[in-house]
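What follows is one structure encoded as structure tokens, with my remarks underneath.
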Amino acid sequence: MRFQRAKIITEIGLAVLGAGMILVAIFAYQLHIDHNQTWGTARVASAFLGGLALLFSILMTFSAWHRRLDGFSVIKKIVIALIWVGAPLRWLWHRDEQEEQTPAPDRTARNSAWLAVTGAGIAILLSLWFITSGRMVTWTPSTTYFDKLADGFLAGKLSLLETPPAALVGLTDPYSYQNRRGIGDYIWDASLYQGKYYYYWGPVPALLAAGVKTFGPIVVQDQFLVMAAIIGLAIVLAALFHWLRKTFFPAVPAWIILIIIPMGVLNTPVFWLVNFPTVYEVPIALGQFFLVLGLFAILRGMANENLRLVWLTAAGFCWGASIGSRANNVTAIGWMTGLAILYFMLKTKRKWAWVGEAATLLVPLAIWGGGLAWYNYARFGNILETGHRYQLSRPGLPVVFSQLFSFSYVLPNLYNLLARPMVVNWQAFPFFFTPYISNSMWPKLIFYPRNPNYYYTEPIAGIFVAISASWLIFLPVMALIRDGWRWLHEQPVRLVKLREWPVSTWAGWMAAGGVVCNLAVLTLFVTTSMRYEADVTVLLTVLIGICIGWTTAFLNARPRLQKSFLWVSAALCILSIIISLLINFQNVGNIFVKSNPQLYSAIAHFFNGR
């Protein structure tokens with residue numbers, strides 16, 4: 001009864017808020033709120049967010065009124081939805097055309113900021129709607145792994161307070177799945193060492209949970225940590241793309257960041273974390289949040305001499321926290337740290353001045369590194385041992401720990417991570433599916449390791465399949481083709497020296513190298529999973545945004561082609577978001593279906609048209 005009352009109040013509140021924001025946007029000039037008759041960014045954002053609030057209100061009441069839509073065909077419904085959602089984009093496009101006729105740099109920067117906030121808001125609201133299975137105010141109970149470790153930290157221990165069962169501790173080899181048969185009351189995927197439970201995941205999520213628990217007896221579910229990381233990631237991406245556009249890519253229309261920011265959060269692998277928010281997803285989500293936050297800080301430090309030391313310290317601290325969340329990020333952070341130091345070596349005007357800047361970046365990283373080394377040594381007597389070899393996990397975990405990583409996994413892993421196709425069925429909602437992989441689903445040219453070590457059955461879709469906008473990273477090839485053509489025709493080609501690269505170019509190389517480094521680590525691992533791809537796709541989104549900026553500047557002399565390119569880029573980003581929203585209705589846990597079957601059935605009924 002209380003839930004129904006809260007649900008009704010929420011629905012009415014969202015409907016009133018949405019209608020009010022739309023009316024204010026429409027009549028802002030008449031109400032003397034806006035002194036311009038033409039729509040500015042604030043009015044567009046108000047109308048768009050108002051429409052989004054109305055959409056959530058409608059979705060929450062779907063089960064009560066969806067029968068009224070039976071007379072409409074699926075095509076009519078989809079067309080109506082696209083027109084309704086696409087209206088703000090048309091307004092944004094016309095607004096940009098008006099601004100081009102009467103340029104106003106300050107207003108453009110302000111518009112970009114508003115659109116960045118709006119894009120982050122869209123990503124956060126959709127994530128909240130999905131993680132609560134469309135209920136917004138009620139969360140489906142999740143795992144509490146890091147809450148247990150936080151209790152251990154607060155009690156002055158590095159282990160969990162829970163004691164493993166005596167039958168498990170008494171086994172000669174408790175790490176063999178076969179030996180653990182019949183013992184069902186142990187913590188799955190925990191690390192068992194000398195009669196105590198530990199985790200092989202980094203300590204940062206538990207430290208954050210412990211910080212929250214100091215305010216009272218709170219149970220910090222793992223899904224709360226995932227959602228916090230997603231909110232932070234949306235905000236950081238909004239700040240990063242707004243700053244990149246304002247500083248380096250003013251030719252890019254402001255409305256493009258309204259689309260690319262949500263794509264950074266709502267792309268299929270990252271949104272998979274939201275829709276299956278358990279212990280495994282927490283380190284990945286937090287690791288990516290701190291990774292991108294550190295990238296934003298280092299770029300600001302490279303471009304701003306006044307606050308350089310502050311930004312470099314922040315970058316080192318954030319990157320250390322990223323490694324402390326997920327150790328996989330160490331290679332990408334090593335690459336970006338090396339490029340940053342190289343930048344200061346080339347750009348410094350005083351001899352050896354770069355040493356101080358490098359030290360400012362490296363000291364926080366060294367502190368984190370020393371802390372993590374002590375954490376591992378205090379638990380397992382080895383600074384490099386995270387507890388992975390003591391994991392109580394699945395049958396596919398290699399008996400020989402050295403086989404956890406192998407070059408024999410590279411080819412099949414690359415296929416899974418980059419090119420594994422989805423199953424498309426237009427007759428059944430949500431139309432895009434990622435089934436569990438069987439032997440027959442491998443192409444003839446991919447020879448996957450036929451041994452019990454390689455575990456390949458988890459659902460996954462390749463990045464270049466599920467994220468159509470990922471193909472935009474190949475856009476810089478156009479400049480290489482142009483230079484090659486000029487060289488063949490003996491025309492002058494301007495070669496830009498390394499020390500003359502602008503910060504935007506260094507940003508592109510940092511993002512590109514980070515993508516390659518994290519991808520390389522994943523290709524060597526004994527298995528692949530959709531959630532692992534999130535280690536790649538966040539930085540990939542940053543790279544996509546930079547490539548759009550480069551290409552827009554490249555096409556400055558051809559405005560028609562430039563506008564067509566921007567429309568195509570926006571369409572690919574929107575398509576990536578749509579695929580993600582649909583495919584995540586049927587993730588590996590089917591949480592949405594199980595938690596809110598009535599709403600899911602109503603949505604499926606709407607799109608299936610029957």
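Labels used: A, B, ... for chains in the order of the structure tokens, numbers from 1 for residues in each chain, and numbers from 1 for ligands as shown.
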
Rows by chain and residue number, range 240-340 of chain A within 12 Å of range 458-461 of chain A, shortest pair, only C-alpha atoms, as JSON lines:
```
{"residue": "A:Asn267", "atom": "CA", "partner": "A:Ala461", "partner_atom": "CA", "distance": 11.7}
{"residue": "A:Thr268", "atom": "CA", "partner": "A:Ala461", "partner_atom": "CA", "distance": 8.6}
{"residue": "A:Pro269", "atom": "CA", "partner": "A:Ala461", "partner_atom": "CA", "distance": 8.7}
{"residue": "A:Trp272", "atom": "CA", "partner": "A:Ile460", "partner_atom": "CA", "distance": 10.3}
```

- Task: Using backbone DSSP assignments, extract all strand (DSSP E or B) residues from range 304-522 of chain A; output them as a PyMOL selection string.
- Result: chain A and resi 391+405+423-424+432-433+455

- Task: Per DSSP on the backbone, filter range 139-338 of chain A down to the residues in helix (DSSP H, G or I) and report them as a count of residues only.
- Result: 122

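Atom pair CA of Gln598 in chain A / CA of Gln427 in chain A: separated by 19.8 Å.
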
- Near-Ile544 in chain A list (12 Å; only C-alpha atoms; drop same-chain fewer than 5 positions) as number ranges by chain: A: 241, 256-257, 259-261, 263-264, 467-476, 507-509, 511-512, 515, 537-539, 549-551, 569-570, 572-573

- The distance between CA of Val424 in chain A and CA of Glu281 in chain A is 25.9 Å

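Nearest to Leu237 in chain A of all the residues A:Pro174, A:Gly216, A:Pro443, A:Gly545 is A:Gly545, based on only C-alpha atoms.
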
- Message: I'd like the interatomic distance between CA of Val252 in chain A and CA of Lys347 in chain A, to a tenth of an Å.
- Response: 27.1 Å

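Using only C-alpha atoms, the shortest contact distance between Pro205 in chain A and any of A:Ala228, A:Val169, A:Val117, A:Val536 is found at A:Ala228.
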
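Here the question is which of A:Gly152, A:Thr278, A:Phe296, A:Tyr175 gets nearest to Ile131 in chain A using only C-alpha atoms, and that residue is A:Thr278.
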